[in-house]
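Participant: Pasting a structure below so you can have a look.
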Amino acid sequence: MISKKEVERLADMTRIAMTDDELAKFAEDLNEILDRLMGLAEVDTQDVDTTYQAAPLEEATREDVITSSLPAEEVLKNAPEAVDGYFRVPRIVD
Amino acid sequence: MSKYETIIGLEIHVELKTDTKLFCGCATTFGQEPNTQCCPVCLGLGGATPVLNRKALAYAIMAGCALNCQIQDIAKFDRKCYFYPDLPKAYQTSQDDLPIAVGGYVEFEDEEAGPVRVRIRQAHLEEETGKSLHEGDNILQARSSMLDYNRCGIPLLEIVTDPDLASPAQAREFLEALKSILEYTGVSDCKMEEGSLRCDANISLRPKGSTKFGAKVEIKNMNSFRAVQRALEYEEIRQRELLDAGEEIDEETRHWDEGVGKTLSMRKKEAPDYRFIPEVEIRPVIIDASWVETLRDSLPELPNARRQRFIAEYSLPSYDAAVLTNDKFMADFFEEVIKVYEEPKQVSNWLMGEVLRLVRDQNTALEGSSLTPKGLGELLALLSKGKINGPQAKEILAEMFSTGEDPKSIAKKRGFEQISDDSALLSVIDQVLVEHQDAVESFKSGKDRAFGFLMGQIMAKTKGKADPRRTKDLLTEKLSQM
Amino acid sequence: MKLCNLPAHRLIEMLSTKEISAEELAQDLLRNIQAREDQVKAYITIDDAENILAKAKAADAKRDGASEPFLGLPMAIKDNICTTELPTTCASKMLEDYHSPFAATVCEKLEQAGLIFVGKTNLDEFGMGSSTENSAFYPTHNPVDPTRVPGGSSGGSAAAVAAGEAIWALGTDAGGSVRQPAAFCGVVGLKPTYGRLSRYGLISFAPSFDHIGLLTRDVADCALLLRLLAGHDPLDATSSRSKVADYPNALGKEIAGLTVGVPAEFLQSNLQGEIKGAIHDAIQALKDAGAVVQEISLPHLGHGPSAYYALSCAEASSNLGRFDGVRYGLRDESAQDVTTMFKNTRRQGFGPEVKRRILTGAMVLVKERREECYLKAVKVRQLIKEDFHRVLDDVDLILGPTTPTTAFKLGTTNLDPALVYDADRFTVAANLAGVPAMNLPFGFDGAGLPIGLQLIGRPFGEETLFQVGSFLEECAGSGKNI
């Protein structure tokens with residue numbers, strides 16, 4: 001069971017503003033989803049060794065060699081607000 | 001005598017000195033124009049995928065070994081999710097349940113308590129965030145903030161101690177010991193002023209004899225080792241006063257304000273749930289035991305061991321050994337000099353004395369100077385053979401420090417050969433005694449200062465080249481015969 | 001037969017003998033897009049006709065016999081794959097004006113081989129959905145019956161290929177998003193083995209599930225395209241160094257002696273009658289040709305959708321955090337502080353399905369639910385993967401349906417979410433296990449809607465899919481175009 005209050009907390013955690021109605025609707029949806037996910041409890045997973053990906057382990061690291069970065073214009077080209085080479089955002093409260 | 005016991009633990013973030021970032025090939029050079037060392041990966045652009053820098057992993061393992069930790073047999077990363085503008089992906093790739101190194105320790109000498117061992121709970125790899133600059137004076141008053149992602153993605157090692165530190169002074173000593181160890185390994189510069197080392201502290205007090213931990217307060221925003229000590233000292237007093245008054249300590253995070261010299265309460269927030277999820281885009285890396293051994297073997301002799309060896313091998317006092325081995329470059333330098341000139345105590349005296357004075361006065365580092373071990377050795381040899389005197393040696397040293405020229409050439413250039421030949425000295429002494437008979441009378445009537453006056457005259461006549469010791473002996477003899 | 005309806009391998013022949021020019025081909029394609037796009041709405045962005053024709057002309061000038069076979073061939077790219085010339089919107093308001101500064105590795109390979117990007121195709125927003133109705137802009141219509149969905153999330157790509165608005169296209173598949181629209185539109189849709197194609201540049205919502213996939217007219221085209229694009233990418237740590245086979249060699253190879261497994265769980269579930277019939281026809285054809293067909297069991301298959309949903313949403317909740325209005329994309333300009341900016345931007349930028357999945361992901365990862373939801377799902381995934389590997393030790397290939405029904409009507413998805421959830425059950429399994437799977441068009445149902453069969457192979461065993469696929473394709477007399 002998941003309450004509307006908890007959904008509000010989740011929305012806050014994931015930084016999505018929502019109206020009260022939306023929270024109520026999503027609470028309904030999430031409860032239904034949670035119900036279905038509870039089906040997983042039936043599976044006996046006691047001796048399962050977990051893996052984190054779908055494919056076999058193949059080592060993939062790289063050498064400490066500098067590769068070219070993006071030119072600053074490219075970095076900033078999609079910026080909603082760029083000033084003097086920086087990205088600007090409204091004030092950070094705490 | 002305080003009726004409370006202080007318990008301190010530290011959380012230290014150290015930037016690793018790799019050429020490139022943890023998950024991409026962007027350079028890590030400090031102080032560049034903003035947003036010029038960024039790529040899709042460290043900017044968090046959609047579709048960019050991270051690839052692990054093997055050297056960062058190696059450095060983390062080396063640090064773990066230097067801290068006497070056990071190294072995991074697998075390197076696995078996790079996403080720590082939260083929102084902040086300096087965190088482009090809205091998660092920091094870090095390590096949650098399998099930190100690269102666990103269960104180590106650091107040992108150092110505390111002035112009061114003697115030898116201290118602080119346990120290292122764990123060390124793990126994670127990535128740096130970007131830098132935010134705030135318009136106006138500080139973050140609380142700024143209307144907007146400016147973001148630079150050059151730093152974003154640089155590899156960090158987060159080192160967490162157990163709460164084994166018993167005083168603010170010990171906390172500072174620990175940090176100095178840690179810095180020394182990590183500098184020796186070469187994995188980090190540990191320059192707090194440049195941001196390559198950061199430290200947060202946790203402190204609690206409890207009545208002596210109690211086994212229950214007191215309320216823990218976290219302190220942030222300390223920008224130097226001294227600030228760490230000062231902040232903890234302040235906090236210790238603050239907590240003690242509250243406890244004495246029978247009040248409770250709030251478990252909270254406090255901000256150290258260097259300007260006013262106080263810790264200030266920050267707005268209380270619920271502890272965040274970081275919703276850790278394995279970083280599926282970085283395949284777990286198997287860490288081969290033989291690789292760890294190779295890395296461990298590649299470590300130089302570490303500070304504590306080196307200090308012990310300096311005491312034993314060179315018969316140096318503990319103090320000298322500690323100063324010389326605090327910095328690896330200095331310790332290496334010392335041993336190179338010994339190869340050329342085998343008088344450890346003398347070399348030590350000169351390094352700790354004149355050389356360090358030059359370093360301080362010129363606000364530089366030994367590494368940045370032109371002084372070479374061979375040069376210093378030759379200089380001391382000249383001095384011991386009486387070819388030059390003490391003051392001359394100091395002058396030559398200063399020149400060597402800036403130019404790197406060899407001491408013999410400098411001495412010759414300045415005409416510094418010391419006069420130690422008795423007959424040459426005696427002729428000058430005789431001359432001076434004749435010219436300053438009143439000084440001689442003065443001495444004979446018990447005024448010792450006159451001796452110094454006569455010495456000064458002899459030195460001036462020889463333009464400072466007279467061997468002071470021999471001159472003193474000869475003058476003394478001469479005067480006694482008069 | 002219109003040029004734009006021919007398979008790529010046929011066009012390659014005609015181009016190499018100069019029977020046609022790339023310019024003619026481009027013109028024919030553009031004419032057909034003009035004719036059909038109003039109804040189908042397969043594209044979000046179509047490049048300027050002048051630009052396309054200019055590139056085609058340049059390709060003609062450069063062409064030198066058969067040395068560069070792909071020169072001048074048009075290509076359509078799903079709009080969640082990064083390209084530098086055309087925008088990459090992910091069918092979301094969040095990225096409506098986003099111009100990626102880098103191109104996906106697969107796109108670079110295509111451009112280097114001389115292919116021309118015609119446009120970016122429509123999808124369910126960020127790949128979340130099974131009908132393309134979740135696009136923030138407009139739904140795509142199934143070219144076979146425009147009152148029905150083309151499937152999703154690669155609905156635009158599948159519809160474009162089926163409607164002759166593209167010769168072939170790239171899609172992406174996290175839970176069936178290439179195979180299901182391929183089945184609904186009657187085209188070949190391949191999800192290769194995880195790691196076969198580089199994901200660098202794929203704006204994925206669930207990185208351990210997402211794959212780049214291929215949508216083509218026939219199996220031969222699919223083999224050709226896979227050979228061009230497959231291979232290790234140092235920029236993608238999940239990409240494989242496994243050897244790239246000469247896939248077209250597998251076409252038409254003898255299938256006698258191959259063993260084909262048909263999962264009991266697939267046949268026992270609720271399937272549209274004609275689809276069941278198609279499977280039986282295929283089984284018969286295989287048997288007649290000397291293949292051994294046997295029933296197999298994938299006991300944990302029924303839990304696939306739940307495991308998929310829990311895990312993919314968990315990954316999505318962190319993967320989509322980067323869309324926060326700071327560095328690119330939509331930003332709420334009215335906010336006075338950054339947290340409000342985040343919240344409003346994401347409120348405006350994301351559609352309801354995206355929000356729902358992000359919330360679901362956060363829900364399964366919070367401390368209270370992590371163990372029973374997230375970690376449990378990871379274990380169930382492992383069991384499903386083991387089921388597949390065990391079965392694929394015994395059989396060369398698994399045969400089954402791609403979808404339980406043929407294309408459903410537009411506007412019916414929201415009526416019963418449970419149906420949608422379960423409808424993915426045949427396709428999600430291959431994403432959970434990482435094995436390659438292909439949709440093969442195999443006849444039509446009573447209403448004239450395409451039926452698709454799913455072939456699932458061993459990791460990096462795409463050759464077997466092409467081998468059996470080309471055989472069954474011939475049986476079905478498919479390769480027919482709309």
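Scheme for the structure tokens: letters A, B, ... for chains in order shown; per-chain residue numbers from 1; ligand numbers from 1 in order shown.
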I need the contact residues of chain C against chain B, so if you could list those with any atom within 9 Å, counting only C-alpha atoms, and return them as a count of residues only, that would help.

Facilitator: 44

Participant: Write out as a list in words which residues come within 9 Å of Met1 (chain A) when counting only C-alpha atoms, dropping same-chain ones fewer than 5 positions away.

Facilitator: Leu30, Asn31, Leu34 and Asp35 of chain A

Participant: The selected residues should be written to file as an mmCIF file, in the first residue's frame (atoms: C-alpha atoms).

Facilitator:
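This is the output file again_22.cif:
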```
data_model
loop_
_atom_site.group_PDB
_atom_site.id
_atom_site.type_symbol
_atom_site.label_atom_id
_atom_site.label_comp_id
_atom_site.auth_asym_id
_atom_site.auth_seq_id
_atom_site.Cartn_x
_atom_site.Cartn_y
_atom_site.Cartn_z
ATOM 1 C CA LEU A 30 1.204 3.164 -8.135
ATOM 2 C CA ASN A 31 -0.955 1.048 -5.866
ATOM 3 C CA LEU A 34 2.690 -2.303 -6.473
ATOM 4 C CA ASP A 35 0.015 -4.987 -6.313
#
```

Participant: Between chain C and chain A, at 8 Å or less, what are the per-residue closest atom pairs and their distances in Å? Count only C-alpha atoms, order by chain and rising residue number, and return it as a tab-separated table.

Facilitator:
```
residue	atom	partner	partner_atom	distance
C:Tyr98	CA	A:Asn78	CA	6.5
C:His99	CA	A:Asn78	CA	6.9
C:Pro101	CA	A:Glu74	CA	6.0
C:Tyr194	CA	A:Ala55	CA	6.1
C:Gly195	CA	A:Ala55	CA	7.2
C:Ser208	CA	A:Gln53	CA	5.7
C:Phe209	CA	A:Ala54	CA	7.4
C:Pro234	CA	A:Ala60	CA	7.8
C:Ala237	CA	A:Ala60	CA	5.2
C:Thr238	CA	A:Ala60	CA	7.5
C:Ser240	CA	A:Glu58	CA	7.3
C:His303	CA	A:Leu40	CA	6.6
C:Ser306	CA	A:Leu37	CA	5.4
C:Ala307	CA	A:Leu40	CA	7.4
C:Ala310	CA	A:Leu37	CA	7.1
C:Ser317	CA	A:Thr14	CA	7.5
C:Gly321	CA	A:Thr14	CA	7.3
C:Gly325	CA	A:Pro80	CA	7.2
C:Val326	CA	A:Val89	CA	6.6
C:Arg327	CA	A:Ala79	CA	4.9
C:Tyr328	CA	A:Ala79	CA	4.7
C:Gly329	CA	A:Asn78	CA	6.8
C:Leu330	CA	A:Pro80	CA	7.5
C:Arg331	CA	A:Pro80	CA	6.6
C:Ala335	CA	A:Pro90	CA	7.3
C:Gln336	CA	A:Pro90	CA	5.7
C:Asp337	CA	A:Arg91	CA	4.7
C:Val338	CA	A:Pro90	CA	5.2
C:Thr339	CA	A:Ile92	CA	7.3
C:Met341	CA	A:Pro90	CA	7.8
C:Phe342	CA	A:Arg15	CA	5.9
C:Lys343	CA	A:Ile16	CA	4.4
C:Asn344	CA	A:Ala17	CA	5.7
C:Thr345	CA	A:Ile16	CA	7.9
C:Arg346	CA	A:Ile16	CA	5.4
C:Arg347	CA	A:Ile16	CA	5.2
C:Lys355	CA	A:Ile16	CA	7.9
C:Arg356	CA	A:Phe26	CA	6.7
C:Ile358	CA	A:Thr14	CA	7.4
C:Leu359	CA	A:Leu10	CA	6.2
C:Thr360	CA	A:Leu30	CA	6.4
C:Ala362	CA	A:Leu10	CA	6.3
C:Met363	CA	A:Leu10	CA	6.8
C:Glu372	CA	A:Ala41	CA	7.4
C:Cys373	CA	A:Leu37	CA	7.0
C:Lys376	CA	A:Leu40	CA	7.1
C:Ala377	CA	A:Leu40	CA	7.0
C:Val378	CA	A:Thr50	CA	6.4
C:Lys379	CA	A:Thr50	CA	5.5
C:Val380	CA	A:Thr45	CA	6.8
C:Gln382	CA	A:Thr50	CA	6.3
C:Leu383	CA	A:Val48	CA	7.4
C:Lys385	CA	A:Ala54	CA	7.5
C:Asn431	CA	A:Ala54	CA	7.3
C:Leu432	CA	A:Ala54	CA	6.1
C:Ala433	CA	A:Ala54	CA	5.2
C:Gly434	CA	A:Ala54	CA	4.6
```

Participant: Leaving out region 3-18 of chain B and any residue of its chain fewer than 2 positions from it, which residues lie within 8 Å of it when counting only C-alpha atoms, given as a ChimeraX atom specification?

Facilitator: /A:64 /B:1,20-21,28,55-56,59-60,154-168,171,186-190,195-208,236,240

Participant: Could you check the closest approach to Asp173 (chain C) for each of C:Thr427, C:Thr105, C:Thr132, C:Thr83 and tell me which residue wins, using only C-alpha atoms?

Facilitator: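 Checking each candidate against Asp173 (chain C), we get C:Thr427 as the closest.
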
Participant: Quick check, in Å to one decimal: how far apart do CA of Asp110 (chain B) and CA of Asp297 (chain B) lie?

Facilitator: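 It comes out at 29.0 Å.
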
Participant: Would you please extract all helix (DSSP H, G or I) residues from region 63-136 of chain B, as assigned by DSSP on the backbone, and give them as a list in words?

Facilitator: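 Written out, the helix (DSSP H, G or I) residues of region 63-136 of chain B are Ala63, Gly64, Cys65 and Ala66 of chain B.
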
Participant: I want to know what sits within 12 Å of region 299-307 of chain B, based on only C-alpha atoms, with residues of the same chain fewer than 2 positions away left out; could you give that as a PyMOL selection string?

Facilitator: chain B and resi 58-59+61-68+106-109+115+176-187+292-297+309-332+334-335

Participant: Would you save the residues of that selection, restricted to C-alpha atoms, as a PDB file, in the first residue's frame?

Facilitator:
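Final output, saved to again.pdb:
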```pdb
ATOM      1  CA  ALA B  58      44.836   1.660  -9.484  1.00  0.00           C
ATOM      2  CA  TYR B  59      45.369   4.837  -7.467  1.00  0.00           C
ATOM      3  CA  ILE B  61      43.924   0.549  -4.591  1.00  0.00           C
ATOM      4  CA  MET B  62      47.347   2.034  -3.885  1.00  0.00           C
ATOM      5  CA  ALA B  63      45.835   4.461  -1.386  1.00  0.00           C
ATOM      6  CA  GLY B  64      43.942   1.591   0.214  1.00  0.00           C
ATOM      7  CA  CYS B  65      47.161  -0.400   0.558  1.00  0.00           C
ATOM      8  CA  ALA B  66      48.997   2.590   2.026  1.00  0.00           C
ATOM      9  CA  LEU B  67      46.214   2.877   4.583  1.00  0.00           C
ATOM     10  CA  ASN B  68      46.571  -0.803   5.482  1.00  0.00           C
ATOM     11  CA  VAL B 106      46.750   5.215  10.171  1.00  0.00           C
ATOM     12  CA  GLU B 107      49.269   5.640  12.978  1.00  0.00           C
ATOM     13  CA  PHE B 108      50.849   8.863  14.189  1.00  0.00           C
ATOM     14  CA  GLU B 109      52.347  10.457  17.297  1.00  0.00           C
ATOM     15  CA  PRO B 115      51.204   6.860  19.572  1.00  0.00           C
ATOM     16  CA  GLU B 176      48.812  15.756   8.434  1.00  0.00           C
ATOM     17  CA  ALA B 177      49.734  12.096   8.668  1.00  0.00           C
ATOM     18  CA  LEU B 178      47.169  11.189   6.023  1.00  0.00           C
ATOM     19  CA  LYS B 179      48.381  13.912   3.713  1.00  0.00           C
ATOM     20  CA  SER B 180      51.932  12.744   4.139  1.00  0.00           C
ATOM     21  CA  ILE B 181      51.033   9.131   3.369  1.00  0.00           C
ATOM     22  CA  LEU B 182      49.000   9.999   0.290  1.00  0.00           C
ATOM     23  CA  GLU B 183      51.649  12.356  -1.051  1.00  0.00           C
ATOM     24  CA  TYR B 184      54.176   9.576  -0.711  1.00  0.00           C
ATOM     25  CA  THR B 185      52.013   7.245  -2.773  1.00  0.00           C
ATOM     26  CA  GLY B 186      51.778   9.909  -5.470  1.00  0.00           C
ATOM     27  CA  VAL B 187      48.044   9.451  -5.882  1.00  0.00           C
ATOM     28  CA  VAL B 292      46.905  -5.573  -6.077  1.00  0.00           C
ATOM     29  CA  GLU B 293      50.262  -7.057  -5.080  1.00  0.00           C
ATOM     30  CA  THR B 294      51.989  -5.359  -8.007  1.00  0.00           C
ATOM     31  CA  LEU B 295      50.462  -2.058  -6.980  1.00  0.00           C
ATOM     32  CA  ARG B 296      51.351  -2.603  -3.342  1.00  0.00           C
ATOM     33  CA  ASP B 297      54.942  -3.408  -4.287  1.00  0.00           C
ATOM     34  CA  ARG B 309      64.623   3.952   9.382  1.00  0.00           C
ATOM     35  CA  PHE B 310      66.062   7.488   9.489  1.00  0.00           C
ATOM     36  CA  ILE B 311      66.293   7.223  13.259  1.00  0.00           C
ATOM     37  CA  ALA B 312      67.961   3.831  13.108  1.00  0.00           C
ATOM     38  CA  GLU B 313      70.122   4.177  10.050  1.00  0.00           C
ATOM     39  CA  TYR B 314      71.246   7.762  10.392  1.00  0.00           C
ATOM     40  CA  SER B 315      71.117   8.015  14.183  1.00  0.00           C
ATOM     41  CA  LEU B 316      68.934  11.056  13.860  1.00  0.00           C
ATOM     42  CA  PRO B 317      66.819  12.340  16.702  1.00  0.00           C
ATOM     43  CA  SER B 318      63.107  11.598  16.444  1.00  0.00           C
ATOM     44  CA  TYR B 319      62.295  15.256  15.801  1.00  0.00           C
ATOM     45  CA  ASP B 320      64.701  15.531  12.853  1.00  0.00           C
ATOM     46  CA  ALA B 321      63.457  12.284  11.371  1.00  0.00           C
ATOM     47  CA  ALA B 322      59.873  13.477  11.589  1.00  0.00           C
ATOM     48  CA  VAL B 323      60.552  16.821   9.898  1.00  0.00           C
ATOM     49  CA  LEU B 324      62.655  15.260   7.147  1.00  0.00           C
ATOM     50  CA  THR B 325      60.189  12.508   6.331  1.00  0.00           C
ATOM     51  CA  ASN B 326      57.032  14.574   6.503  1.00  0.00           C
ATOM     52  CA  ASP B 327      57.493  15.440   2.857  1.00  0.00           C
ATOM     53  CA  LYS B 328      58.674  12.751   0.423  1.00  0.00           C
ATOM     54  CA  PHE B 329      60.640  15.117  -1.721  1.00  0.00           C
ATOM     55  CA  MET B 330      62.559  16.362   1.292  1.00  0.00           C
ATOM     56  CA  ALA B 331      63.245  12.842   2.515  1.00  0.00           C
ATOM     57  CA  ASP B 332      64.457  11.763  -0.924  1.00  0.00           C
ATOM     58  CA  PHE B 334      68.158  14.169   2.254  1.00  0.00           C
ATOM     59  CA  GLU B 335      69.135  10.657   1.258  1.00  0.00           C
TER      60      GLU B 335
END
```

Participant: Just how far from CA of Ala158 (chain C) is CA of Asp28 (chain C), in Å to one decimal?

Facilitator: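 We find that CA of Asp28 (chain C) and CA of Ala158 (chain C) lie 19.0 Å from each other.
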
Participant: I'd like to know which of A:Lys4, A:Gly85, A:Asp20, A:Glu28 is closest to chain B, using only C-alpha atoms.

Facilitator: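 Using only C-alpha atoms, the shortest distance to chain B belongs to A:Gly85.
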
Participant: C:Pro352, C:Gly469, C:Gly443, C:Pro436: which is nearest Asn134 (chain C), counting only C-alpha atoms?

Facilitator: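 Of C:Pro352, C:Gly469, C:Gly443, C:Pro436, the one nearest Asn134 (chain C) is C:Pro352, counting only C-alpha atoms.
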
Participant: Which residues of region 128-159 of chain C come within 12 Å of region 214-223 of chain C, and for each one, what is the closest pair of atoms and their distance in Å to one decimal, counting only C-alpha atoms, sorted by chain and residue number, as a tab-separated table?

Facilitator:
```
residue	atom	partner	partner_atom	distance
C:Ser154	CA	C:Leu215	CA	9.1
C:Gly155	CA	C:Leu215	CA	10.4
C:Gly156	CA	C:Leu215	CA	10.5
C:Ser157	CA	C:Leu215	CA	7.0
C:Ala158	CA	C:Leu215	CA	6.3
C:Ala159	CA	C:Leu215	CA	9.7
```

Participant: Write a file of the selected residues as a PDB file, in the first residue's frame, keeping N, CA and C atoms.

Facilitator:
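What ended up in part-v5.pdb:
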```pdb
ATOM      1  N   SER C 154       9.051   2.179 -30.915  1.00  0.00           N
ATOM      2  CA  SER C 154       9.616   2.554 -32.230  1.00  0.00           C
ATOM      3  C   SER C 154       8.559   2.562 -33.325  1.00  0.00           C
ATOM      4  N   GLY C 155       7.371   3.055 -32.980  1.00  0.00           N
ATOM      5  CA  GLY C 155       6.266   3.053 -33.944  1.00  0.00           C
ATOM      6  C   GLY C 155       6.556   3.848 -35.195  1.00  0.00           C
ATOM      7  N   GLY C 156       7.217   4.979 -35.037  1.00  0.00           N
ATOM      8  CA  GLY C 156       7.521   5.814 -36.198  1.00  0.00           C
ATOM      9  C   GLY C 156       8.420   5.092 -37.183  1.00  0.00           C
ATOM     10  N   SER C 157       9.478   4.469 -36.687  1.00  0.00           N
ATOM     11  CA  SER C 157      10.402   3.743 -37.559  1.00  0.00           C
ATOM     12  C   SER C 157       9.721   2.580 -38.270  1.00  0.00           C
ATOM     13  N   ALA C 158       8.943   1.807 -37.511  1.00  0.00           N
ATOM     14  CA  ALA C 158       8.278   0.645 -38.111  1.00  0.00           C
ATOM     15  C   ALA C 158       7.293   1.093 -39.176  1.00  0.00           C
ATOM     16  N   ALA C 159       6.518   2.131 -38.849  1.00  0.00           N
ATOM     17  CA  ALA C 159       5.513   2.622 -39.805  1.00  0.00           C
ATOM     18  C   ALA C 159       6.180   3.184 -41.048  1.00  0.00           C
TER      19      ALA C 159
END
```

Participant: Find the distance between CA of Ala56 (chain C) and CA of Gly171 (chain C) and write it in Å to one decimal.

Facilitator: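 Separation of CA of Ala56 (chain C) and CA of Gly171 (chain C): 23.1 Å.
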
Participant: When DSSP is applied to the backbone of this structure, which of region 126-206 of chain B are assigned strand (DSSP E or B)? Write them out as number ranges by chain.

Facilitator: B: 126-127, 131-134, 144-148, 155-161, 165, 197-206

Participant: Taking 6 positions as the minimum chain separation for residues in the same chain, which residues sit within 6 Å of Gly72 (chain C) when counting only C-alpha atoms? Answer as a list in words.

Facilitator: Ala22, Ala56, Ala59, Gly114, Leu115 and Ile116 of chain C

Participant: Dump C-alpha atoms for the selected residues as a PDB file, in the first residue's frame?

Facilitator:
```
ATOM      1  CA  ALA C  22      20.764   7.871 -55.480  1.00  0.00           C
ATOM      2  CA  ALA C  56      22.212  12.110 -52.906  1.00  0.00           C
ATOM      3  CA  ALA C  59      26.826  10.278 -53.430  1.00  0.00           C
ATOM      4  CA  GLY C 114      27.614   7.082 -46.974  1.00  0.00           C
ATOM      5  CA  LEU C 115      24.018   6.696 -45.823  1.00  0.00           C
ATOM      6  CA  ILE C 116      21.794   9.754 -45.847  1.00  0.00           C
TER       7      ILE C 116
END
```

Participant: Can you pull out the residues contacting Gln481 (chain B)? Cut-off 12 Å, using only C-alpha atoms, and skip same-chain residues under 5 positions away; I want them as a tab-separated table (two decimals) with N, CA and C atoms, in the first residue's frame.

Facilitator:
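Written out: out_23.tsv:
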```
chain	number	residue	atom	x	y	z
B	440	VAL	N	93.24	46.27	22.92
B	440	VAL	CA	94.03	45.25	23.63
B	440	VAL	C	94.06	45.58	25.13
B	444	LYS	N	92.57	43.39	28.21
B	444	LYS	CA	93.42	42.98	29.33
B	444	LYS	C	92.85	43.45	30.68
B	474	LEU	N	93.87	31.56	17.55
B	474	LEU	CA	95.16	32.25	17.42
B	474	LEU	C	95.16	33.58	18.18
B	475	LEU	N	94.06	34.32	18.06
B	475	LEU	CA	93.95	35.61	18.74
B	475	LEU	C	94.02	35.43	20.26
B	476	THR	N	93.30	34.41	20.72
B	476	THR	CA	93.29	34.12	22.15
B	476	THR	C	94.71	33.83	22.65
```

Participant: Which neighbours of Gly386 (chain B) fall inside 9 Å, counting only C-alpha atoms, when residues of the same chain fewer than 5 positions from it are skipped, and could you give them as a PyMOL selection string?

Facilitator: chain B and resi 381+417-420+467

Participant: Selected residues, N, CA and C atoms, written as an mmCIF file, in the first residue's frame, please.

Facilitator:
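Output file again.cif follows:
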```cif
data_model
loop_
_atom_site.group_PDB
_atom_site.id
_atom_site.type_symbol
_atom_site.label_atom_id
_atom_site.label_comp_id
_atom_site.auth_asym_id
_atom_site.auth_seq_id
_atom_site.Cartn_x
_atom_site.Cartn_y
_atom_site.Cartn_z
ATOM 1 N N ALA B 381 80.728 19.895 2.176
ATOM 2 C CA ALA B 381 82.103 19.371 2.152
ATOM 3 C C ALA B 381 83.107 20.516 2.176
ATOM 4 N N GLU B 417 87.378 32.128 -0.830
ATOM 5 C CA GLU B 417 88.207 31.095 -0.185
ATOM 6 C C GLU B 417 88.578 31.535 1.223
ATOM 7 N N GLN B 418 88.384 30.696 2.115
ATOM 8 C CA GLN B 418 88.658 31.019 3.504
ATOM 9 C C GLN B 418 90.166 30.965 3.766
ATOM 10 N N ILE B 419 90.582 31.893 4.588
ATOM 11 C CA ILE B 419 91.996 31.867 4.982
ATOM 12 C C ILE B 419 92.097 31.060 6.261
ATOM 13 N N SER B 420 92.764 29.914 6.194
ATOM 14 C CA SER B 420 92.947 29.123 7.415
ATOM 15 C C SER B 420 94.430 28.884 7.708
ATOM 16 N N ASP B 467 89.179 32.207 8.699
ATOM 17 C CA ASP B 467 88.473 31.086 9.334
ATOM 18 C C ASP B 467 88.185 31.499 10.778
#
```
